[in-house]
$ cat data05.pdb   # PDB, C-alpha atoms and all ligand atoms
ATOM      1  CA  MET S   1      26.135  15.095  14.111
ATOM      2  CA  VAL S   2      22.800  16.565  13.040
ATOM      3  CA  PRO S   3      20.703  13.828  11.458
ATOM      4  CA  ASP S   4      18.959  14.199   8.137
ATOM      5  CA  PHE S   5      15.238  14.250   8.575
ATOM      6  CA  LEU S   6      12.809  11.735   7.213
ATOM      7  CA  LEU S   7       9.343  13.009   7.753
ATOM      8  CA  SER S   8       5.861  11.930   6.993
ATOM      9  CA  LEU S   9       3.166  14.354   5.869
ATOM     10  CA  THR S  10      -0.150  12.905   6.735
ATOM     11  CA  GLY S  11      -3.640  14.187   6.684
ATOM     12  CA  SER S  12      -5.197  11.069   8.045
ATOM     13  CA  PHE S  13      -3.992  10.720  11.563
ATOM     14  CA  ALA S  14      -2.634  12.866  14.334
ATOM     15  CA  MET S  15      -1.470  10.947  17.339
ATOM     16  CA  PRO S  16       1.527  10.741  19.621
ATOM     17  CA  ALA S  17       4.538   9.072  17.988
ATOM     18  CA  ALA S  18       4.417   6.127  20.383
ATOM     19  CA  GLU S  19       0.908   5.251  19.176
ATOM     20  CA  ASN S  20       1.501   5.897  15.486
ATOM     21  CA  PRO S  21       2.171   2.512  13.846
ATOM     22  CA  THR S  22       4.167   3.910  10.924
ATOM     23  CA  VAL S  23       6.434   5.953  13.195
ATOM     24  CA  ALA S  24       6.939   2.963  15.513
ATOM     25  CA  MET S  25       7.781   0.702  12.568
ATOM     26  CA  MET S  26      10.224   3.110  10.895
ATOM     27  CA  GLU S  27      11.999   4.060  14.107
ATOM     28  CA  ALA S  28      12.315   0.370  15.054
ATOM     29  CA  ALA S  29      14.293  -0.106  11.824
ATOM     30  CA  TYR S  30      16.524   2.914  12.526
ATOM     31  CA  ARG S  31      17.214   1.744  16.086
ATOM     32  CA  HIS S  32      17.974  -1.810  14.963
ATOM     33  CA  HIS S  33      20.509  -0.608  12.383
ATOM     34  CA  GLY S  34      21.932   2.167  14.600
ATOM     35  CA  LEU S  35      20.913   4.813  12.038
ATOM     36  CA  PRO S  36      20.940   8.452  13.247
ATOM     37  CA  TRP S  37      17.614   9.253  11.577
ATOM     38  CA  LEU S  38      14.300  10.641  12.709
ATOM     39  CA  TYR S  39      10.866   9.839  11.321
ATOM     40  CA  ILE S  40       8.405  12.489  12.412
ATOM     41  CA  ASN S  41       4.707  12.527  11.723
ATOM     42  CA  CYS S  42       3.220  15.948  10.868
ATOM     43  CA  GLU S  43      -0.481  16.501  10.375
ATOM     44  CA  VAL S  44      -0.784  18.785   7.306
ATOM     45  CA  ALA S  45      -4.100  20.226   6.120
ATOM     46  CA  PRO S  46      -4.626  20.143   2.320
ATOM     47  CA  GLU S  47      -4.435  23.948   2.077
ATOM     48  CA  ASN S  48      -0.970  23.860   3.693
ATOM     49  CA  LEU S  49       0.529  21.120   1.509
ATOM     50  CA  ALA S  50       2.436  23.495  -0.815
ATOM     51  CA  ASP S  51       4.017  25.271   2.161
ATOM     52  CA  ALA S  52       4.869  21.934   3.806
ATOM     53  CA  VAL S  53       6.715  20.720   0.679
ATOM     54  CA  ARG S  54       8.472  24.085   0.387
ATOM     55  CA  GLY S  55       9.486  23.664   4.018
ATOM     56  CA  ALA S  56      10.842  20.177   3.317
ATOM     57  CA  ARG S  57      13.004  21.631   0.541
ATOM     58  CA  ALA S  58      14.158  24.530   2.699
ATOM     59  CA  MET S  59      15.080  22.249   5.610
ATOM     60  CA  GLY S  60      16.877  19.742   3.405
ATOM     61  CA  TRP S  61      14.781  16.713   4.349
ATOM     62  CA  ARG S  62      16.072  13.493   2.806
ATOM     63  CA  GLY S  63      12.489  12.577   2.018
ATOM     64  CA  PHE S  64       8.995  12.075   3.345
ATOM     65  CA  ASN S  65       5.877   9.982   3.054
ATOM     66  CA  CYS S  66       2.436  11.212   2.103
ATOM     67  CA  SER S  67      -0.814   9.548   3.036
ATOM     68  CA  ILE S  68      -4.396  10.228   1.999
ATOM     69  CA  PRO S  69      -5.467  12.955   1.117
ATOM     70  CA  HIS S  70      -2.082  14.144  -0.233
ATOM     71  CA  LYS S  71      -1.027  11.247  -2.486
ATOM     72  CA  VAL S  72      -2.219  12.836  -5.746
ATOM     73  CA  ASP S  73      -2.148  16.549  -4.909
ATOM     74  CA  VAL S  74       1.506  16.448  -3.811
ATOM     75  CA  ILE S  75       2.586  15.612  -7.403
ATOM     76  CA  ARG S  76       2.252  19.222  -8.630
ATOM     77  CA  HIS S  77       4.722  20.357  -5.974
ATOM     78  CA  LEU S  78       7.422  17.840  -7.027
ATOM     79  CA  ASP S  79      10.129  17.907  -9.715
ATOM     80  CA  GLY S  80       9.453  14.492 -11.224
ATOM     81  CA  LEU S  81       8.047  10.994 -10.772
ATOM     82  CA  GLY S  82       9.479   7.485 -10.787
ATOM     83  CA  LYS S  83       8.246   5.170 -13.575
ATOM     84  CA  SER S  84       5.545   3.252 -11.710
ATOM     85  CA  ALA S  85       4.454   6.322  -9.696
ATOM     86  CA  ALA S  86       3.790   8.051 -13.038
ATOM     87  CA  LEU S  87       1.708   5.051 -14.186
ATOM     88  CA  ILE S  88      -0.171   4.809 -10.890
ATOM     89  CA  GLY S  89      -0.767   8.575 -10.748
ATOM     90  CA  ALA S  90      -0.143   8.773  -6.994
ATOM     91  CA  VAL S  91       2.889   8.880  -4.733
ATOM     92  CA  ASN S  92       3.411   7.891  -1.123
ATOM     93  CA  THR S  93       7.191   8.433  -0.922
ATOM     94  CA  ILE S  94       9.172  11.526  -1.885
ATOM     95  CA  VAL S  95      12.917  11.196  -2.317
ATOM     96  CA  ARG S  96      15.434  14.059  -2.507
ATOM     97  CA  ARG S  97      17.845  13.368  -5.378
ATOM     98  CA  GLY S  98      20.359  16.229  -5.536
ATOM     99  CA  ASP S  99      18.206  19.349  -5.461
ATOM    100  CA  LEU S 100      15.146  17.591  -6.855
ATOM    101  CA  LEU S 101      12.192  16.082  -5.026
ATOM    102  CA  ILE S 102      11.067  12.945  -6.886
ATOM    103  CA  GLY S 103       7.805  11.101  -6.191
ATOM    104  CA  GLU S 104       7.791   7.317  -5.902
ATOM    105  CA  ASN S 105       5.052   4.871  -5.006
ATOM    106  CA  THR S 106       6.122   2.056  -2.691
ATOM    107  CA  ASP S 107       2.607   0.791  -1.796
ATOM    108  CA  GLY S 108       2.330  -1.604  -4.735
ATOM    109  CA  LYS S 109       6.040  -2.494  -4.675
ATOM    110  CA  GLY S 110       5.743  -3.308  -0.955
ATOM    111  CA  PHE S 111       2.714  -5.462  -1.638
ATOM    112  CA  VAL S 112       4.496  -7.407  -4.386
ATOM    113  CA  GLN S 113       7.612  -7.857  -2.217
ATOM    114  CA  ALA S 114       5.431  -9.364   0.542
ATOM    115  CA  MET S 115       3.517 -11.453  -2.021
ATOM    116  CA  LYS S 116       6.732 -12.924  -3.454
ATOM    117  CA  GLU S 117       7.417 -14.518  -0.065
ATOM    118  CA  VAL S 118       4.208 -16.523  -0.573
ATOM    119  CA  ILE S 119       3.917 -16.914  -4.366
ATOM    120  CA  ASP S 120       5.570 -15.487  -7.486
ATOM    121  CA  PRO S 121       2.960 -13.383  -9.355
ATOM    122  CA  ALA S 122       4.573 -14.203 -12.750
ATOM    123  CA  GLY S 123       2.086 -15.911 -15.063
ATOM    124  CA  LYS S 124      -0.691 -15.916 -12.454
ATOM    125  CA  HIS S 125      -4.401 -15.072 -12.702
ATOM    126  CA  VAL S 126      -5.172 -12.337 -10.183
ATOM    127  CA  TRP S 127      -8.547 -11.103  -8.881
ATOM    128  CA  ILE S 128      -8.495  -7.648  -7.242
ATOM    129  CA  PHE S 129     -11.379  -6.073  -5.331
ATOM    130  CA  GLY S 130     -11.258  -2.265  -5.547
ATOM    131  CA  ALA S 131     -10.164   0.434  -7.984
ATOM    132  CA  GLY S 132      -8.954   3.212  -5.662
ATOM    133  CA  GLY S 133      -5.380   4.329  -5.026
ATOM    134  CA  ALA S 134      -4.328   1.083  -3.332
ATOM    135  CA  ALA S 135      -5.824  -1.067  -6.111
ATOM    136  CA  ARG S 136      -4.099   1.040  -8.799
ATOM    137  CA  ALA S 137      -0.735   0.675  -7.051
ATOM    138  CA  VAL S 138      -1.139  -3.051  -6.373
ATOM    139  CA  SER S 139      -2.484  -3.909  -9.843
ATOM    140  CA  VAL S 140       0.235  -1.959 -11.711
ATOM    141  CA  GLU S 141       3.030  -3.595  -9.687
ATOM    142  CA  MET S 142       1.464  -7.080  -9.956
ATOM    143  CA  ALA S 143       1.273  -6.528 -13.734
ATOM    144  CA  LEU S 144       4.889  -5.318 -13.897
ATOM    145  CA  ALA S 145       5.853  -8.407 -11.839
ATOM    146  CA  GLY S 146       4.455 -10.563 -14.660
ATOM    147  CA  ALA S 147       0.853 -11.386 -13.643
ATOM    148  CA  ALA S 148      -0.786 -12.798 -16.789
ATOM    149  CA  LYS S 149      -4.409 -11.831 -16.157
ATOM    150  CA  ILE S 150      -5.884  -9.292 -13.753
ATOM    151  CA  THR S 151      -9.602  -8.904 -13.064
ATOM    152  CA  ILE S 152     -10.631  -5.672 -11.360
ATOM    153  CA  ALA S 153     -13.905  -6.045  -9.424
ATOM    154  CA  ASN S 154     -15.314  -2.700  -8.341
ATOM    155  CA  ARG S 155     -18.635  -1.227  -7.318
ATOM    156  CA  GLY S 156     -18.133   1.930  -9.378
ATOM    157  CA  ALA S 157     -17.686   1.177 -13.102
ATOM    158  CA  GLU S 158     -15.895   4.386 -14.046
ATOM    159  CA  ARG S 159     -12.971   3.917 -11.648
ATOM    160  CA  GLY S 160     -12.815   0.167 -12.387
ATOM    161  CA  LEU S 161     -12.698   0.625 -16.161
ATOM    162  CA  GLU S 162     -10.051   3.335 -15.787
ATOM    163  CA  VAL S 163      -7.731   0.892 -13.974
ATOM    164  CA  VAL S 164      -8.411  -1.839 -16.556
ATOM    165  CA  ASP S 165      -7.605   0.590 -19.365
ATOM    166  CA  LEU S 166      -4.393   1.675 -17.597
ATOM    167  CA  LEU S 167      -3.251  -1.955 -17.208
ATOM    168  CA  ASN S 168      -4.110  -2.944 -20.789
ATOM    169  CA  ARG S 169      -2.404   0.102 -22.300
ATOM    170  CA  HIS S 170       0.734   0.313 -20.196
ATOM    171  CA  THR S 171       1.559  -3.149 -18.841
ATOM    172  CA  PRO S 172       1.936  -6.597 -20.402
ATOM    173  CA  ALA S 173      -0.976  -8.016 -18.315
ATOM    174  CA  LYS S 174      -4.403  -8.746 -19.803
ATOM    175  CA  ALA S 175      -6.987  -6.932 -17.663
ATOM    176  CA  ALA S 176     -10.789  -7.248 -17.425
ATOM    177  CA  PHE S 177     -13.518  -5.552 -15.385
ATOM    178  CA  HIS S 178     -16.145  -7.203 -13.178
ATOM    179  CA  ALA S 179     -19.078  -4.963 -12.202
ATOM    180  CA  TRP S 180     -19.403  -5.895  -8.525
ATOM    181  CA  HIS S 181     -22.976  -5.334  -7.411
ATOM    182  CA  SER S 182     -23.928  -8.701  -5.931
ATOM    183  CA  GLU S 183     -22.281 -11.684  -4.272
ATOM    184  CA  VAL S 184     -19.434 -12.835  -6.497
ATOM    185  CA  SER S 185     -17.886 -16.283  -6.940
ATOM    186  CA  ILE S 186     -14.156 -16.279  -7.653
ATOM    187  CA  PRO S 187     -13.448 -18.193 -10.919
ATOM    188  CA  ALA S 188     -11.770 -21.532 -10.186
ATOM    189  CA  GLU S 189      -8.732 -20.736 -12.373
ATOM    190  CA  THR S 190      -7.799 -17.745 -10.140
ATOM    191  CA  ASP S 191      -4.428 -18.057  -8.361
ATOM    192  CA  ILE S 192      -4.398 -14.881  -6.228
ATOM    193  CA  VAL S 193      -7.310 -12.948  -4.655
ATOM    194  CA  ILE S 194      -6.653  -9.460  -3.232
ATOM    195  CA  ASN S 195      -8.819  -7.083  -1.224
ATOM    196  CA  ALA S 196      -7.651  -3.565  -2.115
ATOM    197  CA  THR S 197     -10.871  -1.873  -0.959
ATOM    198  CA  SER S 198     -11.282  -0.165   2.405
ATOM    199  CA  ILE S 199     -13.843  -2.797   3.494
ATOM    200  CA  GLY S 200     -13.024  -4.132   6.971
ATOM    201  CA  LEU S 201     -10.805  -1.211   8.016
ATOM    202  CA  TYR S 202     -11.071  -0.247  11.692
ATOM    203  CA  PRO S 203     -13.546   0.765  13.111
ATOM    204  CA  HIS S 204     -15.783  -0.903  10.476
ATOM    205  CA  THR S 205     -14.367  -4.345  11.173
ATOM    206  CA  GLU S 206     -17.762  -6.012  10.795
ATOM    207  CA  GLN S 207     -17.942  -5.050   7.078
ATOM    208  CA  ARG S 208     -17.499  -7.999   4.705
ATOM    209  CA  LEU S 209     -16.727  -8.290   1.010
ATOM    210  CA  ASN S 210     -19.770  -9.395  -0.983
ATOM    211  CA  LEU S 211     -18.073 -12.674  -1.832
ATOM    212  CA  ASP S 212     -19.077 -16.342  -1.801
ATOM    213  CA  VAL S 213     -16.276 -17.611   0.456
ATOM    214  CA  ALA S 214     -17.078 -21.180  -0.662
ATOM    215  CA  SER S 215     -15.559 -20.214  -4.046
ATOM    216  CA  LEU S 216     -12.138 -19.740  -2.371
ATOM    217  CA  ARG S 217     -10.149 -22.887  -3.123
ATOM    218  CA  PRO S 218      -7.195 -24.173  -1.057
ATOM    219  CA  GLU S 219      -4.840 -23.643  -4.025
ATOM    220  CA  MET S 220      -5.543 -19.882  -3.981
ATOM    221  CA  VAL S 221      -3.465 -17.259  -2.180
ATOM    222  CA  VAL S 222      -5.693 -14.633  -0.510
ATOM    223  CA  ALA S 223      -4.287 -11.213   0.449
ATOM    224  CA  ASP S 224      -5.821  -8.280   2.291
ATOM    225  CA  GLY S 225      -4.470  -4.712   2.075
ATOM    226  CA  ILE S 226      -6.197  -3.839   5.360
ATOM    227  CA  HIS S 227      -3.632  -3.787   8.163
ATOM    228  CA  ASN S 228      -5.881  -2.629  11.010
ATOM    229  CA  PRO S 229      -6.932  -5.171  12.089
ATOM    230  CA  PRO S 230      -4.476  -7.578  10.433
ATOM    231  CA  ARG S 231      -6.759 -10.574  10.874
ATOM    232  CA  THR S 232      -9.707  -9.352   8.814
ATOM    233  CA  HIS S 233     -12.837 -11.369   8.148
ATOM    234  CA  LEU S 234     -11.440 -12.200   4.684
ATOM    235  CA  ILE S 235      -8.134 -13.485   6.093
ATOM    236  CA  ARG S 236      -9.942 -15.675   8.649
ATOM    237  CA  ALA S 237     -12.429 -16.991   6.072
ATOM    238  CA  ALA S 238      -9.627 -17.799   3.592
ATOM    239  CA  GLU S 239      -7.612 -19.617   6.261
ATOM    240  CA  ALA S 240     -10.701 -21.655   7.154
ATOM    241  CA  ARG S 241     -10.953 -22.635   3.456
ATOM    242  CA  GLY S 242      -7.320 -23.844   3.521
ATOM    243  CA  CYS S 243      -5.877 -20.953   1.449
ATOM    244  CA  ARG S 244      -2.441 -19.426   2.031
ATOM    245  CA  VAL S 245      -2.930 -15.855   3.244
ATOM    246  CA  LEU S 246      -1.059 -12.540   3.279
ATOM    247  CA  ASP S 247      -2.222  -9.855   5.709
ATOM    248  CA  GLY S 248      -1.945  -6.070   5.318
ATOM    249  CA  LEU S 249       1.030  -5.814   7.673
ATOM    250  CA  GLY S 250       3.203  -7.393   4.959
ATOM    251  CA  MET S 251       2.355  -4.552   2.559
ATOM    252  CA  LEU S 252       2.786  -1.863   5.225
ATOM    253  CA  VAL S 253       6.174  -3.159   6.384
ATOM    254  CA  ASN S 254       7.580  -3.636   2.893
ATOM    255  CA  GLN S 255       6.392  -0.254   1.551
ATOM    256  CA  GLY S 256       8.231   1.304   4.511
ATOM    257  CA  ALA S 257      11.361  -0.770   3.972
ATOM    258  CA  ILE S 258      11.471   0.203   0.284
ATOM    259  CA  ALA S 259      11.045   3.887   1.249
ATOM    260  CA  ILE S 260      14.014   3.620   3.650
ATOM    261  CA  LYS S 261      16.035   2.006   0.857
ATOM    262  CA  TYR S 262      15.203   4.960  -1.432
ATOM    263  CA  TRP S 263      16.216   7.476   1.254
ATOM    264  CA  THR S 264      19.316   5.806   2.688
ATOM    265  CA  GLY S 265      20.395   3.030   0.320
ATOM    266  CA  ILE S 266      20.148   0.603   3.240
ATOM    267  CA  ASP S 267      18.248  -2.714   3.180
ATOM    268  CA  VAL S 268      16.605  -2.818   6.586
ATOM    269  CA  GLU S 269      15.538  -5.885   8.525
ATOM    270  CA  VAL S 270      11.789  -6.157   7.841
ATOM    271  CA  SER S 271      11.165  -8.620  10.691
ATOM    272  CA  VAL S 272      12.066  -5.871  13.195
ATOM    273  CA  MET S 273       9.505  -3.561  11.583
ATOM    274  CA  ARG S 274       6.842  -6.265  11.553
ATOM    275  CA  GLN S 275       7.515  -6.989  15.220
ATOM    276  CA  ALA S 276       6.968  -3.305  16.106
ATOM    277  CA  LEU S 277       3.604  -3.403  14.325
ATOM    278  CA  SER S 278       2.620  -6.747  15.829
ATOM    279  CA  GLU S 279       3.069  -5.270  19.310
ATOM    280  CA  ILE S 280       0.699  -2.409  18.419
ATOM    281  CA  PHE S 281      -1.904  -4.536  16.649
ATOM    282  CA  ASP S 282      -1.541  -7.548  18.940
ATOM    283  CA  ALA S 283      -1.163  -9.713  15.819
TER     284      ALA S 283
HETATM  285  P1  LIG S 301      -9.861   4.713  -1.988
HETATM  286  O1  LIG S 301     -10.841   5.509  -1.206
HETATM  287  O2  LIG S 301      -9.100   5.343  -3.104
HETATM  288  O3  LIG S 301     -10.643   3.434  -2.628
HETATM  289  C1  LIG S 301     -11.526   2.672  -1.880
HETATM  290  C2  LIG S 301     -11.965   1.458  -2.685
HETATM  291  O4  LIG S 301     -12.828   0.657  -1.840
HETATM  292  C3  LIG S 301     -12.789   1.793  -3.926
HETATM  293  O5  LIG S 301     -12.545   0.824  -4.911
HETATM  294  C4  LIG S 301     -14.231   1.675  -3.410
HETATM  295  O6  LIG S 301     -15.151   1.369  -4.422
HETATM  296  C5  LIG S 301     -14.088   0.485  -2.480
HETATM  297  N1  LIG S 301     -15.131   0.438  -1.462
HETATM  298  C6  LIG S 301     -15.186   1.159  -0.313
HETATM  299  N2  LIG S 301     -16.275   0.822   0.393
HETATM  300  C7  LIG S 301     -16.934  -0.121  -0.332
HETATM  301  C8  LIG S 301     -18.131  -0.866  -0.134
HETATM  302  N3  LIG S 301     -18.887  -0.710   0.955
HETATM  303  N4  LIG S 301     -18.500  -1.782  -1.080
HETATM  304  C9  LIG S 301     -17.742  -1.956  -2.187
HETATM  305  N5  LIG S 301     -16.601  -1.273  -2.438
HETATM  306  C10 LIG S 301     -16.198  -0.369  -1.518
HETATM  307  O7  LIG S 301      -8.898   4.087  -0.913
HETATM  308  P2  LIG S 301      -7.418   3.491  -1.162
HETATM  309  O8  LIG S 301      -7.456   2.681  -2.412
HETATM  310  O9  LIG S 301      -6.388   4.541  -1.056
HETATM  311  O10 LIG S 301      -7.220   2.542   0.111
HETATM  312  C11 LIG S 301      -7.996   1.329   0.253
HETATM  313  C12 LIG S 301      -7.488   0.606   1.481
HETATM  314  O11 LIG S 301      -6.167   0.137   1.262
HETATM  315  C13 LIG S 301      -7.411   1.506   2.722
HETATM  316  O12 LIG S 301      -8.415   1.107   3.613
HETATM  317  C14 LIG S 301      -6.067   1.272   3.331
HETATM  318  O13 LIG S 301      -6.190   0.791   4.645
HETATM  319  C15 LIG S 301      -5.466   0.163   2.470
HETATM  320  N6  LIG S 301      -4.045   0.470   2.215
HETATM  321  C16 LIG S 301      -3.134  -0.328   2.875
HETATM  322  C17 LIG S 301      -1.795  -0.083   2.742
HETATM  323  C18 LIG S 301      -0.835  -0.959   3.492
HETATM  324  O14 LIG S 301       0.352  -0.621   3.504
HETATM  325  N7  LIG S 301      -1.279  -2.074   4.068
HETATM  326  C19 LIG S 301      -1.264   1.012   1.883
HETATM  327  C20 LIG S 301      -2.314   1.771   1.232
HETATM  328  C21 LIG S 301      -3.649   1.493   1.421
HETATM  329  P3  LIG S 301     -15.851   2.542  -5.326
HETATM  330  O15 LIG S 301     -14.833   2.961  -6.342
HETATM  331  O16 LIG S 301     -17.033   1.865  -5.929
HETATM  332  O17 LIG S 301     -16.217   3.641  -4.356
END

$ encode --input "data05.pdb" --output "structure tokens"
Amino acid sequence: MVPDFLLSLTGSFAMPAAENPTVAMMEAAYRHHGLPWLYINCEVAPENLADAVRGARAMGWRGFNCSIPHKVDVIRHLDGLGKSAALIGAVNTIVRRGDLLIGENTDGKGFVQAMKEVIDPAGKHVWIFGAGGAARAVSVEMALAGAAKITIANRGAERGLEVVDLLNRHTPAKAAFHAWHSEVSIPAETDIVINATSIGLYPHTEQRLNLDVASLRPEMVVADGIHNPPRTHLIRAAEARGCRVLDGLGMLVNQGAIAIKYWTGIDVEVSVMRQALSEIFDA
């Protein structure tokens, strides 16, 4: 039997499959469930994206992932968007439905799925650092999961205010902007603190959020979207303050599991995927 193909179009890394964390994680799930699928990573330059999507159609791929820098540009080559992908304005997962290629965004959904294992976002006050693609995805899904109040703290005002406007117009959450130019103290009534910036991402692991860690209270849940390394400075500082923490592997694993569900209809065992990542990141 010739397997369907599940491929990933990425512009951000080109490495052998054995060293590519996403490939290792997805294939671990396929192996565990005895699924005859392949997940192949292809490095695609921006100028070749249209041809790559045309190729995916021609070859009958079941779907594919897109990473930076393709998450927004790929939209014009697709036939439609899922509801939250349309709100977020970016897609990371493309699903073939009949003859159509539909864009979905599983980054924020994966984050919320991981978060629900620690705390239910419904009714909570949430503080999010960042206003890029990850922050948009996470904030929209946290809002759709019932978060009552969301504060977006960002260095750049334009991007920050755009996310706040998006949340206030299109979700039930009440959103506010914090212009983040100096050390910030997290308000005591905050339930969940999230780093959705790229601060701390390998190799810049020494970078720290401009945050007064003494303002983190033990009742707060602190999450980091950075998965490499999983134990970021923020995660370690929050643990030292007695907070419950959620590392970036939770988001990575769950966004992948949701993508597999879209492509195959199968609920995969996320612990197997997390284990594959833990071996790579020594977490
Ligand atoms: P973007 O480039 O779109 O956004 C980056 C964000 O980080 C912006 O808000 C930017 O602020 C902020 N930022 C960067 N450097 C600094 C700094 N020195 N000081 C203050 N703010 C800073 O990236 P994405 O949103 O797409 O991705 C962000 C991170 O999320 C990535 O590093 C990635 O690792 C992670 N991610 C994790 C996933 C997972 O599955 N675990 C999935 C997707 C993303 P400004 O607007 O002012 O420039």

$ residues_around --input "data05.pdb" --residues "Leu101 (chain S)" --least-positions-apart "6" --cutoff "12 Å" --atoms "all atoms listed in the file" --output "ChimeraX atom specification"
/S:53-54,56-58,60-65,74-82,91,93-95,263

$ resolve_selection --input "data05.pdb" --expression "the PyMOL selection byres (((chain S and resi 24-34) around 9) and not hetatm)" --output "list of chain:residue names"
S:Ala17, S:Ala18, S:Glu19, S:Asn20, S:Pro21, S:Thr22, S:Val23, S:Leu35, S:Pro36, S:Trp37, S:Leu38, S:Tyr39, S:Val253, S:Gly256, S:Ala257, S:Ile260, S:Val268, S:Glu269, S:Val270, S:Val272, S:Met273, S:Arg274, S:Gln275, S:Ala276, S:Leu277, S:Ile280

$ residues_near_ligand --input "data05.pdb" --ligand "ligand LIG 301 (chain S)" --cutoff "6 Å" --atoms "all atoms listed in the file" --output "PyMOL selection string"
chain S and resi 107+130-135+154-156+159+196-199+201+225-227+248-249+251-252

$ closest_residue --input "data05.pdb" --among "S:Ala175, S:Val221, S:Ile266, S:Ile68" --to "Val163 (chain S)" --atoms "all atoms listed in the file"
S:Ala175

$ resolve_selection --input "data05.pdb" --expression "the PyMOL selection byres (((chain S and resi 236-247) around 7) and not hetatm)" --output "short mmCIF file (atom, residue, chain, number, x, y, z; two decimals) with C-alpha atoms, keeping the file's coordinate frame"
data_model
loop_
_atom_site.label_atom_id
_atom_site.label_comp_id
_atom_site.auth_asym_id
_atom_site.auth_seq_id
_atom_site.Cartn_x
_atom_site.Cartn_y
_atom_site.Cartn_z
CA VAL S 213 -16.28 -17.61 0.46
CA LEU S 216 -12.14 -19.74 -2.37
CA ARG S 217 -10.15 -22.89 -3.12
CA PRO S 218 -7.20 -24.17 -1.06
CA GLU S 219 -4.84 -23.64 -4.03
CA MET S 220 -5.54 -19.88 -3.98
CA VAL S 221 -3.46 -17.26 -2.18
CA VAL S 222 -5.69 -14.63 -0.51
CA ALA S 223 -4.29 -11.21 0.45
CA ASP S 224 -5.82 -8.28 2.29
CA GLY S 225 -4.47 -4.71 2.08
CA HIS S 227 -3.63 -3.79 8.16
CA PRO S 230 -4.48 -7.58 10.43
CA ARG S 231 -6.76 -10.57 10.87
CA THR S 232 -9.71 -9.35 8.81
CA HIS S 233 -12.84 -11.37 8.15
CA LEU S 234 -11.44 -12.20 4.68
CA ILE S 235 -8.13 -13.48 6.09
CA GLY S 248 -1.94 -6.07 5.32
CA LEU S 249 1.03 -5.81 7.67
CA GLY S 250 3.20 -7.39 4.96
#

$ residues_around --input "data05.pdb" --residues "Glu183 (chain S)" --least-positions-apart "2" --cutoff "9 Å" --atoms "only C-alpha atoms" --output "list in words"
Trp180, His181, Ser185, Leu209, Asn210, Leu211 and Asp212 of chain S

$ closest_residue --input "data05.pdb" --among "S:Leu167, S:Ala259, S:Leu161, S:Ile40" --to "Gly110 (chain S)" --atoms "all atoms listed in the file"
S:Ala259

$ axis_aligned_box --input "data05.pdb" --around "region 131-138 of chain S" --padding-each-side "6 Å" --output "JSON"
{"center_x": -5.4, "center_y": 0.6, "center_z": -6.1, "size_x": 21.4, "size_y": 19.4, "size_z": 17.5}
